[in-house]
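For reference, the structure is listed below as structure tokens.
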Amino acid sequence: MSKRLLLFDIDGTLVHSNGAGREALVATLMELFGTAGPVAHYTMDGKTDPRIISDLLTAANVPATEIEAALPHIYELMAVKAHAIFPLKQMTPCPGVPALLARLQQCPAVVLGLLTGNGRLTAPLKLLYAGIDPALFVVGAYGSDHIDRNQLPAIAMQRAAAQSGFAFNGSHTVVIGDTPADILCARAGRATAVAVASGWHSAATLAKYHPDHLLENLANTAEVLRILCNGYR
Ligand SMILES: [Mg+2]
């Protein structure tokens with residue numbers, strides 16, 4: 001039986017995090033480097049954590065070798081900060097997400113995964129504090145795997161193949177996200193791009209990047225299931 005790999009972005013797609021991730025990152029960089037660089041004017045959405053960290057610290061004149069060497073430590077401290085900060089941020093699932101995930105869990109042909117710029121340690125915490133069980137997602141490709149988001153679909157497909165024994169390629173894979181970067185990332189993996197305007201970008205903006213499907217949000221469970229699981233249920 002053919003399978004379908006669904007790769008969900010987190011921020012703005014599954015979860016409204018109310019700036020929780022940004023706060024945890026700033027607290028981490030302040031503690032380790034005494035600065036978070038030009039963070040007040042920096043747009044994070046769609047970018048991987050190592051991209052964001054590198055941009056901010058480079059602007060603060062931290063040498064690239066020092067940034068690279070510090071990344072594992074930064075990820076660990078971000079998770080510590082997340083445990084303190086996330087419970088205070090009233091993070092919520094995006095509209096329709098709990099109902100959709102409950103239904104997708106029952107589709108035997110579906111492998112649920114994450115494709116996110118968040119690091120491997122903080123990604124499950126964002127879900128957890130928004131009331132979503134991270135264990136629903138059996139594979140993930142994270143910002144901590146690669147600085148370039150466009151490399152993450154291939155990593156997720158490899159992991160899904162190792163996990164399920166099914167040789168996933170782009171034709172079996174859907175990337176669901178709320179930014180132009182998610183659409184471009186789907187293209188890089190030759191996957192289907194589903195854009196959802198529940199984050200910072202309007203449907204009109206997302207439409208300019210020509211996703212395969214464009215939704216205001218994930219609230220219409222029947223319609224979303226039809227798009228995500230077409231022919232695979
Ligand atoms: Mg997002």
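The chains in the structure tokens are called A, B, ... from first to last as shown; in each chain the residues are counted from 1, and the ligands are counted from 1 in the order shown.
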Original post:
Using only C-alpha atoms and all ligand atoms, which protein or nucleic acid residues are at most 10 Å from ligand 1, as JSON, numbers by chain?
Top reply: {"A": [8, 9, 10, 11, 12, 13, 14, 15, 16, 44, 45, 46, 47, 115, 116, 117, 118, 176, 177, 178, 179, 180, 181, 182, 196, 197, 198, 199, 200, 201]}
Contacts of range 225-227 of chain A at 12 Å (only C-alpha atoms; same-chain gap of 3+ positions) as a tab-separated table (two decimals) with N, CA and C atoms, in the first residue's frame:
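Okay, out_28.tsv is ready:
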chain	number	residue	atom	x	y	z
A	4	ARG	N	1.52	8.13	2.53
A	4	ARG	CA	1.66	9.57	2.36
A	4	ARG	C	2.29	10.17	3.60
A	6	LEU	N	3.02	13.43	5.70
A	6	LEU	CA	2.54	14.80	5.92
A	6	LEU	C	3.50	15.51	6.86
A	96	GLY	N	-8.77	24.26	14.24
A	96	GLY	CA	-9.01	22.98	13.57
A	96	GLY	C	-7.94	21.94	13.77
A	97	VAL	N	-6.81	22.33	14.34
A	97	VAL	CA	-5.66	21.42	14.40
A	97	VAL	C	-5.93	20.18	15.27
A	99	ALA	N	-8.70	18.59	15.99
A	99	ALA	CA	-9.65	17.70	15.29
A	99	ALA	C	-8.99	17.04	14.09
A	100	LEU	N	-8.22	17.83	13.35
A	100	LEU	CA	-7.54	17.29	12.16
A	100	LEU	C	-6.54	16.19	12.55
A	101	LEU	N	-5.73	16.45	13.56
A	101	LEU	CA	-4.72	15.47	13.97
A	101	LEU	C	-5.38	14.19	14.48
A	102	ALA	N	-6.52	14.34	15.18
A	102	ALA	CA	-7.22	13.15	15.67
A	102	ALA	C	-7.68	12.28	14.50
A	103	ARG	N	-8.13	12.92	13.44
A	103	ARG	CA	-8.57	12.16	12.26
A	103	ARG	C	-7.38	11.56	11.51
A	104	LEU	N	-6.33	12.32	11.34
A	104	LEU	CA	-5.16	11.84	10.59
A	104	LEU	C	-4.50	10.64	11.26
A	105	GLN	N	-4.56	10.64	12.58
A	105	GLN	CA	-4.00	9.55	13.35
A	105	GLN	C	-4.67	8.22	13.01
A	106	GLN	N	-5.91	8.31	12.54
A	106	GLN	CA	-6.67	7.09	12.23
A	106	GLN	C	-6.48	6.64	10.78
A	107	CYS	N	-5.72	7.39	9.98
A	107	CYS	CA	-5.50	7.01	8.58
A	107	CYS	C	-4.26	6.12	8.51
A	110	VAL	N	-1.20	7.21	6.37
A	110	VAL	CA	-0.57	8.51	6.66
A	110	VAL	C	0.55	8.36	7.69
A	174	VAL	N	3.68	15.76	1.49
A	174	VAL	CA	3.02	17.06	1.52
A	174	VAL	C	3.68	17.90	2.61
A	175	VAL	N	4.04	19.14	2.28
A	175	VAL	CA	4.58	20.08	3.26
A	175	VAL	C	3.51	21.13	3.54
A	176	ILE	N	3.13	21.27	4.81
A	176	ILE	CA	2.07	22.19	5.20
A	176	ILE	C	2.68	23.31	6.04
A	192	THR	N	4.24	18.21	-2.47
A	192	THR	CA	3.06	19.05	-2.60
A	192	THR	C	3.11	20.15	-1.54
A	193	ALA	N	2.82	21.38	-1.95
A	193	ALA	CA	2.85	22.52	-1.02
A	193	ALA	C	1.44	22.92	-0.64
A	194	VAL	N	1.14	22.82	0.65
A	194	VAL	CA	-0.14	23.31	1.17
A	194	VAL	C	0.16	24.52	2.04
A	195	ALA	N	-0.32	25.68	1.62
A	195	ALA	CA	-0.09	26.91	2.38
A	195	ALA	C	-1.35	27.23	3.18
A	212	ASP	N	0.33	24.51	-4.11
A	212	ASP	CA	-0.62	23.61	-4.76
A	212	ASP	C	-2.02	23.79	-4.19
A	213	HIS	N	-2.07	24.07	-2.90
A	213	HIS	CA	-3.34	24.33	-2.22
A	213	HIS	C	-3.14	25.49	-1.25
A	214	LEU	N	-4.17	26.32	-1.14
A	214	LEU	CA	-4.09	27.48	-0.26
A	214	LEU	C	-5.35	27.53	0.59
A	215	LEU	N	-5.15	27.54	1.91
A	215	LEU	CA	-6.27	27.53	2.85
A	215	LEU	C	-6.15	28.69	3.82
A	218	LEU	N	-6.88	25.52	9.01
A	218	LEU	CA	-7.09	24.08	8.91
A	218	LEU	C	-8.42	23.66	9.56
A	219	ALA	N	-9.36	24.61	9.66
A	219	ALA	CA	-10.58	24.37	10.43
A	219	ALA	C	-11.59	23.46	9.76
A	220	ASN	N	-11.63	23.45	8.43
A	220	ASN	CA	-12.60	22.61	7.73
A	220	ASN	C	-12.00	21.20	7.57
A	221	THR	N	-12.23	20.36	8.59
A	221	THR	CA	-11.55	19.07	8.66
A	221	THR	C	-11.78	18.23	7.40
A	222	ALA	N	-13.02	18.18	6.94
A	222	ALA	CA	-13.34	17.35	5.77
A	222	ALA	C	-12.56	17.80	4.54
A	230	ASN	N	-5.88	12.69	-0.19
A	230	ASN	CA	-6.58	12.33	-1.41
A	230	ASN	C	-6.06	11.01	-1.99
A	231	GLY	N	-6.91	10.00	-1.99
A	231	GLY	CA	-6.53	8.71	-2.56
A	231	GLY	C	-5.71	7.84	-1.64
A	232	TYR	N	-5.45	8.28	-0.43
A	232	TYR	CA	-4.57	7.52	0.48
A	232	TYR	C	-5.28	7.02	1.72
A	233	ARG	N	-6.61	7.11	1.76
A	233	ARG	CA	-7.30	6.71	2.99
A	233	ARG	C	-7.84	5.30	2.93
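Look at Leu29 in chain A: the protein and nucleic acid residues within 12 Å of it, using only C-alpha atoms and passing over chain neighbours fewer than 6 places away, are Arg22, Glu23, Thr35, Ala36, Gly37, Pro38, Val39, Ile52, Ile53, Ser54, Leu56, Leu57, Ala60, Val62, Ile67, Ala70, Leu71, His73, Ile74, Tyr75, Glu76, Leu77, Met78 and Lys81 of chain A.
Here CA of Glu31 in chain A and CA of His83 in chain A stand 15.8 Å from one another.
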Write out, as JSON lines, each residue of range 131-155 of chain A that has an atom at most 10 Å from range 186-191 of chain A, together with the closest pair of atoms and their distance in Å to one decimal, counting only C-alpha atoms, rows going by chain and rising number.
{"residue": "A:Arg149", "atom": "CA", "partner": "A:Ala188", "partner_atom": "CA", "distance": 9.2}
{"residue": "A:Asn150", "atom": "CA", "partner": "A:Ala188", "partner_atom": "CA", "distance": 5.6}
{"residue": "A:Gln151", "atom": "CA", "partner": "A:Ala188", "partner_atom": "CA", "distance": 7.5}
{"residue": "A:Leu152", "atom": "CA", "partner": "A:Gly189", "partner_atom": "CA", "distance": 8.1}
{"residue": "A:Pro153", "atom": "CA", "partner": "A:Gly189", "partner_atom": "CA", "distance": 5.2}
{"residue": "A:Ala154", "atom": "CA", "partner": "A:Gly189", "partner_atom": "CA", "distance": 6.1}
{"residue": "A:Ile155", "atom": "CA", "partner": "A:Gly189", "partner_atom": "CA", "distance": 9.6}
**OP:** Give the helix (DSSP H, G or I) residues of range 41-181 of chain A, as assigned by DSSP on the backbone, as a count of residues only.
**Re:** 76
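Using only C-alpha atoms, the smallest distance between any of A:Ala64, A:Ala59, A:Met157, A:Ala69 and Ser171 in chain A comes from A:Met157.
CA of Gly143 in chain A sits 7.3 Å away from CA of Arg120 in chain A.
Distance-wise, CA of Leu25 in chain A and CA of Ile132 in chain A end up 21.6 Å apart.
Considering the residues A:Val224, A:His172, A:Ile147, A:Asn217 and counting only C-alpha atoms, Pro95 in chain A has its shortest atom-to-atom contact with A:Asn217.
Looking only at range 104-179 of chain A, the set that DSSP places in strand (DSSP E or B) from backbone geometry is Val110, Val111, Leu112, Gly113, Leu114, Leu115, Val139, Gly140, Ala141, Thr173, Val174, Val175, Ile176 and Gly177 of chain A.
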Subject >> Nearest candidate to Cys94 in chain A (options A:Thr48, A:Ser202, A:Ser2, A:Ser17; using only C-alpha atoms) >> reply: A:Ser17
Subject >> Close residues, Met91 in chain A itself excluded, 8 Å, only C-alpha atoms, min 4 positions apart in chain, as a PyMOL selection string >> reply: chain A and resi 15-18+20+86-87+126+129-130
